[in-house]
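File shown here: run02.cif, holding mmCIF, C-alpha atoms and all ligand atoms.
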```
data_query
loop_
_atom_site.label_atom_id
_atom_site.label_comp_id
_atom_site.auth_asym_id
_atom_site.auth_seq_id
_atom_site.Cartn_x
_atom_site.Cartn_y
_atom_site.Cartn_z
CA MET A 224 0.00 0.00 0.00
CA SER A 225 1.23 3.49 -0.65
CA GLY A 226 1.99 5.77 2.29
CA ARG A 227 0.38 8.71 0.49
CA HIS A 228 -1.73 9.86 3.41
CA GLU A 229 0.77 9.07 6.17
CA LEU A 230 2.90 12.24 6.30
CA PRO A 231 3.07 15.34 4.10
CA GLN A 232 5.88 15.18 1.57
CA ALA A 233 7.89 18.35 1.14
CA PRO A 234 8.09 19.97 -2.32
CA GLY A 235 11.25 19.06 -4.25
CA PRO A 236 13.60 21.33 -6.24
CA GLU A 237 11.47 21.24 -9.41
CA GLU A 238 8.38 22.36 -7.50
CA TRP A 239 10.36 25.16 -5.84
CA ASP A 240 11.76 26.19 -9.23
CA ASP A 241 8.21 26.39 -10.62
CA ARG A 242 7.06 28.39 -7.65
CA TYR A 243 9.91 30.90 -7.94
CA ARG A 244 9.37 31.13 -11.71
CA SER A 245 5.66 31.82 -11.28
CA THR A 246 6.03 35.32 -9.89
CA ASP A 247 8.49 38.12 -9.51
CA LEU A 248 9.43 37.75 -5.83
CA VAL A 249 7.52 35.15 -3.82
CA TRP A 250 8.48 36.29 -0.35
CA ALA A 251 9.13 39.99 -1.13
CA GLU A 252 12.15 41.62 0.37
CA PRO A 253 12.23 42.22 4.11
CA PRO A 254 14.45 39.76 5.98
CA THR A 255 12.90 37.41 8.55
CA PRO A 256 12.30 39.46 11.74
CA TRP A 257 13.50 36.64 14.02
CA VAL A 258 16.77 36.47 12.09
CA VAL A 259 17.25 40.23 12.23
CA GLU A 260 16.56 40.37 15.97
CA GLN A 261 18.83 37.47 16.85
CA THR A 262 21.78 38.42 14.68
CA THR A 263 21.96 42.16 15.35
CA VAL A 264 23.79 41.50 18.62
CA LEU A 265 26.29 39.05 17.10
CA PRO A 266 29.69 40.06 15.74
CA PRO A 267 29.83 39.26 12.02
CA GLY A 268 31.62 36.06 11.04
CA ARG A 269 30.88 33.11 8.76
CA ALA A 270 27.22 32.25 8.24
CA LEU A 271 25.22 29.51 6.56
CA ASP A 272 21.71 30.36 5.33
CA VAL A 273 20.10 27.01 4.60
CA GLY A 274 17.13 27.13 2.21
CA THR A 275 17.96 30.72 1.35
CA GLY A 276 15.30 30.93 -1.37
CA GLU A 277 15.33 34.44 -2.82
CA GLY A 278 18.10 35.31 -0.41
CA HIS A 279 16.63 38.13 1.67
CA ASP A 280 18.21 36.90 4.94
CA ALA A 281 21.55 36.19 3.27
CA ILE A 282 21.65 39.66 1.71
CA HIS A 283 20.73 41.24 5.03
CA LEU A 284 23.55 39.37 6.79
CA ALA A 285 26.13 40.20 4.11
CA THR A 286 25.12 43.85 4.37
CA ARG A 287 25.91 43.61 8.09
CA GLY A 288 29.38 42.21 7.37
CA TRP A 289 28.75 38.46 7.48
CA ASP A 290 30.39 36.14 4.95
CA VAL A 291 27.40 34.04 3.88
CA THR A 292 27.10 30.64 2.27
CA ALA A 293 23.53 30.77 0.96
CA LEU A 294 22.42 27.22 0.19
CA ASP A 295 19.34 26.12 -1.71
CA PHE A 296 18.39 23.26 -4.03
CA SER A 297 16.35 25.59 -6.28
CA ARG A 298 18.45 27.03 -9.10
CA VAL A 299 15.67 29.49 -9.96
CA GLY A 300 15.51 30.72 -6.35
CA LEU A 301 19.28 31.23 -6.26
CA ASP A 302 19.25 33.09 -9.59
CA LYS A 303 16.57 35.42 -8.25
CA ALA A 304 18.58 35.92 -5.07
CA ALA A 305 21.70 36.80 -7.06
CA THR A 306 19.66 39.24 -9.15
CA ALA A 307 18.30 40.89 -5.98
CA ALA A 308 21.87 41.12 -4.64
CA SER A 309 23.16 42.72 -7.83
CA ARG A 310 21.82 46.04 -6.51
CA ALA A 311 24.07 45.77 -3.43
CA PRO A 312 27.58 47.25 -3.22
CA ARG A 313 30.41 45.12 -4.55
CA SER A 314 31.80 44.48 -1.05
CA VAL A 315 28.45 43.00 -0.02
CA ARG A 316 28.21 40.84 -3.14
CA ALA A 317 31.72 39.53 -2.47
CA ARG A 318 30.49 38.16 0.87
CA LEU A 319 27.60 36.23 -0.71
CA HIS A 320 28.25 32.68 -1.92
CA TRP A 321 25.16 31.34 -3.71
CA THR A 322 25.43 27.57 -3.45
CA LEU A 323 23.25 25.01 -5.20
CA GLY A 324 22.81 21.96 -3.02
CA ASP A 325 20.48 19.73 -1.05
CA ILE A 326 21.10 19.88 2.69
CA THR A 327 20.10 16.22 3.04
CA VAL A 328 22.47 15.03 0.32
CA ASP A 329 25.38 17.30 -0.53
CA PRO A 330 28.49 17.61 1.62
CA LEU A 331 28.72 20.63 3.89
CA PRO A 332 31.85 21.79 5.72
CA GLU A 333 31.91 20.78 9.39
CA ASP A 334 32.85 23.03 12.35
CA GLU A 335 32.89 26.02 10.01
CA TYR A 336 30.13 28.53 10.67
CA ASP A 337 29.56 31.01 13.49
CA LEU A 338 25.89 31.25 12.57
CA ALA A 339 23.37 29.00 10.84
CA VAL A 340 20.07 30.51 9.72
CA TRP A 341 17.15 28.14 9.10
CA ALA A 342 14.17 30.24 7.99
CA TYR A 343 11.13 28.22 7.00
CA LEU A 344 12.93 25.26 5.51
CA GLN A 345 10.15 22.68 5.96
CA PRO A 346 11.63 19.31 4.92
CA ALA A 347 9.76 16.04 4.83
CA PRO A 348 9.39 14.86 8.45
CA SER A 349 11.61 11.89 7.68
CA ASP A 350 14.42 14.31 6.69
CA LEU A 351 14.19 16.66 9.67
CA ASP A 352 16.73 14.90 11.91
CA LEU A 353 19.25 14.54 9.12
CA ALA A 354 18.91 18.14 7.93
CA ILE A 355 19.17 19.65 11.42
CA THR A 356 22.11 17.42 12.32
CA ARG A 357 24.01 18.43 9.20
CA VAL A 358 23.36 22.13 9.76
CA CYS A 359 24.45 21.91 13.41
CA ASP A 360 27.56 19.89 12.52
CA GLY A 361 28.44 22.78 10.22
CA LEU A 362 28.65 25.12 13.22
CA ALA A 363 31.94 25.87 14.94
CA ALA A 364 32.04 25.47 18.72
CA GLY A 365 30.02 28.35 20.18
CA GLY A 366 28.20 28.85 16.86
CA VAL A 367 24.53 29.81 16.92
CA LEU A 368 21.52 28.28 15.16
CA VAL A 369 18.70 30.76 14.52
CA LEU A 370 15.68 28.80 13.37
CA ALA A 371 12.11 29.71 12.42
CA VAL A 372 9.64 27.06 11.23
CA HIS A 373 5.93 26.78 10.80
CA GLU A 374 4.46 24.90 13.70
CA ARG A 375 0.89 25.30 12.43
CA LEU A 376 -0.14 26.49 8.99
CA ASP A 377 -3.89 26.66 8.44
CA ASP A 378 -4.05 27.19 4.70
CA HIS A 379 -1.38 24.75 3.53
CA PRO A 380 -1.99 21.22 4.81
CA GLU A 381 0.44 19.93 2.17
CA ILE A 382 3.42 21.59 3.90
CA PRO A 383 5.10 19.66 6.74
CA VAL A 384 5.04 21.54 10.07
CA PHE A 385 7.18 21.01 13.16
CA GLY A 386 6.68 21.70 16.84
CA ALA A 387 9.24 22.36 19.55
CA THR A 388 9.39 18.69 20.54
CA ALA A 389 10.28 17.57 17.02
CA VAL A 390 12.84 20.33 16.52
CA SER A 391 14.56 20.06 19.89
CA GLY A 392 14.49 16.26 19.59
CA ALA A 393 16.30 16.54 16.25
CA LEU A 394 19.09 18.73 17.64
CA PRO A 395 22.41 16.93 18.24
CA GLU A 396 23.41 16.50 21.88
CA ASP A 397 26.04 19.22 21.73
CA MET A 398 23.41 21.87 20.91
CA VAL A 399 22.04 23.87 23.85
CA VAL A 400 18.65 25.52 23.36
CA GLU A 401 18.87 29.10 24.64
CA HIS A 402 15.49 30.50 23.70
CA VAL A 403 12.16 29.33 22.28
CA GLU A 404 9.07 31.37 21.49
CA TRP A 405 5.95 31.27 19.35
CA ARG A 406 4.69 33.95 17.00
CA ASP A 407 1.77 34.44 14.64
CA SER A 408 2.83 33.51 11.13
CA ASP A 409 3.72 36.31 8.78
CA ALA A 410 0.65 37.05 6.65
CA ARG A 411 2.67 36.27 3.50
CA HIS A 412 2.77 32.63 4.62
CA GLY A 413 -0.93 32.46 5.67
CA THR A 414 -2.44 32.09 9.13
CA GLY A 415 -0.74 29.89 11.65
CA VAL A 416 1.90 29.81 14.34
CA ASP A 417 5.68 29.86 13.95
CA LEU A 418 8.23 28.36 16.28
CA ALA A 419 11.32 30.55 16.75
CA LEU A 420 14.35 29.00 18.40
CA ARG A 421 17.95 29.90 19.18
CA ALA A 422 20.47 27.20 20.08
CA ARG A 423 24.25 27.21 20.49
CA ARG A 424 26.86 24.54 19.83
CA ARG A 425 28.69 23.70 23.01
CA ALA A 426 32.46 24.18 23.05
CA ALA A 427 34.16 20.78 22.60
C1 LIG A 501 9.73 28.47 2.42
S1 LIG A 501 11.20 28.72 1.48
C2 LIG A 501 12.10 29.78 2.58
C3 LIG A 501 13.08 30.66 1.87
C4 LIG A 501 13.81 31.67 2.77
N1 LIG A 501 14.59 31.02 3.79
C5 LIG A 501 12.82 32.62 3.39
O1 LIG A 501 12.68 32.67 4.60
O2 LIG A 501 12.18 33.35 2.62
C6 LIG A 501 12.08 27.18 1.70
C7 LIG A 501 13.34 27.09 0.83
O3 LIG A 501 14.06 25.92 1.19
C8 LIG A 501 14.57 25.31 0.03
N2 LIG A 501 14.78 23.88 0.34
C9 LIG A 501 13.82 22.99 0.71
N3 LIG A 501 14.39 21.80 0.96
C10 LIG A 501 15.73 21.94 0.75
C11 LIG A 501 16.83 21.06 0.85
N4 LIG A 501 16.67 19.77 1.18
N5 LIG A 501 18.07 21.53 0.59
C12 LIG A 501 18.23 22.84 0.21
N6 LIG A 501 17.22 23.72 0.08
C13 LIG A 501 15.98 23.27 0.36
C14 LIG A 501 13.51 25.57 -1.04
O4 LIG A 501 14.02 25.50 -2.34
C15 LIG A 501 13.06 26.97 -0.65
O5 LIG A 501 13.81 27.95 -1.34
#
```
Mind converting the file's structure to structure tokens?
Amino acid sequence: MSGRHELPQAPGPEEWDDRYRSTDLVWAEPPTPWVVEQTTVLPPGRALDVGTGEGHDAIHLATRGWDVTALDFSRVGLDKAATAASRAPRSVRARLHWTLGDITVDPLPEDEYDLAVWAYLQPAPSDLDLAITRVCDGLAAGGVLVLAVHERLDDHPEIPVFGATAVSGALPEDMVVEHVEWRDSDARHGTGVDLALRARRRAA
């Protein structure tokens, strides 16, 4: 029997390409408020933005002096992100590294990043542990994970959602959760509730 109605399957790269092709900018330009709030107090360093999409968080971070690896498996999303960044000063563009890759498949440097941003990457539930583990393994000791996910999304039952138990259960043991809160979803995503979390990789 097929497991069709067991768990929502996340859209793949082709579906994301179609979505990004279908309109000018899907998510419009402001960076994710949770990311802005949590990173303003951090000294710039090396950052990973996983599932960067049209790149608004990556561009924001590079503008603030971060050197950003902006990873996504949608070529169309990355092209749109690079186009959006083309309006930025050359020094900002030099800090942006648009990287095509699947977080569940492609190799990622380990112990490298001071910051990992995970903004609304909603993988298939079966991929959550793997994806979070790989992102956290990419952090240097003391590095910070700033994560926002949909915990409830009323208008999109096809999109996997994750609560605090699933997310904190997927974190590797050397990650310490420092803050968790819940917020109404941004209207651009529809009605629902978002989980916002900050965690830090313990020093070895
Ligand atoms: C909801 S969008 C969020 C984009 C951006 N972070 C934001 O907040 O606007 C999710 C993004 O994650 C990307 N994505 C989903 N699964 C991925 C995976 N396994 N590896 C890399 N990127 C992935 C999609 O292509 C899409 O651009």
Write out as a Markdown table a residue-level contact list of region 298-408 of chain A versus region 279-283 of chain A with cut-off 10 Å: for each qualifying residue the closest pair of atoms and the distance in Å to one decimal, counting only C-alpha atoms, rows sorted by chain and residue number upward.
```
| residue | atom | partner | partner_atom | distance |
| --- | --- | --- | --- | --- |
| A:Ala304 | CA | A:His279 | CA | 7.4 |
| A:Ala305 | CA | A:Ile282 | CA | 9.2 |
| A:Ala307 | CA | A:His279 | CA | 8.3 |
| A:Ala308 | CA | A:Ile282 | CA | 6.5 |
| A:Ala311 | CA | A:Ile282 | CA | 8.3 |
| A:Val315 | CA | A:Ile282 | CA | 7.8 |
| A:Arg316 | CA | A:Ile282 | CA | 8.2 |
| A:Arg318 | CA | A:Ile282 | CA | 9.0 |
| A:Leu319 | CA | A:Ala281 | CA | 7.2 |
| A:His320 | CA | A:Ala281 | CA | 9.2 |
| A:Trp321 | CA | A:Ala281 | CA | 9.2 |
| A:Val340 | CA | A:Asp280 | CA | 8.2 |
| A:Trp341 | CA | A:Asp280 | CA | 9.8 |
| A:Ala342 | CA | A:Asp280 | CA | 8.4 |
```
With ligand LIG 501 (chain A) as the partner and 6 Å as the cut-off, tabulate the residues of chain A that qualify, each row holding the nearest pair of atoms and their distance in Å to one decimal, using all atoms listed in the file, sorted by chain and rising number, as CSV.
```
residue,atom,partner,partner_atom,distance
A:Pro236,CA,A:LIG501,O4,5.7
A:Trp239,CA,A:LIG501,O4,5.1
A:Trp250,CA,A:LIG501,O2,5.6
A:Gly274,CA,A:LIG501,O3,3.5
A:Thr275,CA,A:LIG501,N1,4.2
A:Gly276,CA,A:LIG501,O5,3.3
A:Asp295,CA,A:LIG501,N6,3.7
A:Phe296,CA,A:LIG501,C12,4.3
A:Ser297,CA,A:LIG501,O4,4.6
A:Gly300,CA,A:LIG501,O5,6.0
A:Gly324,CA,A:LIG501,C12,5.7
A:Asp325,CA,A:LIG501,N5,3.4
A:Ile326,CA,A:LIG501,N5,4.0
A:Thr327,CA,A:LIG501,N4,5.3
A:Ala342,CA,A:LIG501,N1,4.3
A:Tyr343,CA,A:LIG501,C2,4.8
A:Leu344,CA,A:LIG501,C6,4.4
A:Pro346,CA,A:LIG501,N3,5.4
```
request  = One decimal, Å: what's the distance from CA of Arg375 (chain A) over to CA of Val399 (chain A), could you say?
outcome  = 24.1 Å
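You will find CA of Ala410 (chain A) at 27.9 Å from CA of Asp352 (chain A).
Each of A:Gly366, A:Thr322, A:Gln345, A:Thr306 was checked against His379 (chain A) using all atoms listed in the file; the smallest atom-to-atom distance is that of A:Gln345.
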ask   = How many Å lie between CA of Pro395 (chain A) and CA of Thr292 (chain A), rounded to one decimal?
value = 21.6 Å
So that each row is one residue of region 287-342 of chain A with an atom at most 12 Å from region 262-269 of chain A, can you give its shortest atom pair and the distance in Å to one decimal, using all atoms listed in the file, rows by chain and rising number, as a tab-separated table?
```
residue	atom	partner	partner_atom	distance
A:Arg287	CA	A:Pro267	CA	7.1
A:Gly288	CA	A:Pro267	CA	5.5
A:Trp289	CA	A:Pro267	CA	4.7
A:Asp290	CA	A:Arg269	CA	4.9
A:Val291	CA	A:Arg269	CA	6.1
A:Thr292	CA	A:Arg269	CA	7.9
A:Ala293	CA	A:Arg269	CA	11.0
A:Arg318	CA	A:Arg269	CA	9.4
A:Leu319	CA	A:Arg269	CA	10.5
A:His320	CA	A:Arg269	CA	11.0
A:Pro332	CA	A:Arg269	CA	11.8
A:Asp334	CA	A:Arg269	CA	10.9
A:Glu335	CA	A:Arg269	CA	7.5
A:Tyr336	CA	A:Arg269	CA	5.0
A:Asp337	CA	A:Arg269	CA	5.3
A:Leu338	CA	A:Arg269	CA	6.5
A:Ala339	CA	A:Arg269	CA	8.8
A:Val340	CA	A:Thr262	CA	9.5
```
Using all atoms listed in the file: which of A:Ala347, A:Val273, A:Asp302, A:Trp257 has the shortest distance to Tyr243 (chain A) = A:Asp302
task = Would you be able to write out as an MDAnalysis selection string which residues have an atom within 12 Å of (17.9, 24.0, 20.5) in the file's coordinates, counting all atoms listed in the file?
result = chainID A and resid 355:356 359 366:371 387:404 418:425
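Checking A:Leu284, A:Pro312, A:Pro348, A:Leu376 one by one against Asp409 (chain A), counting all atoms listed in the file, you find the shortest gap at A:Leu376.
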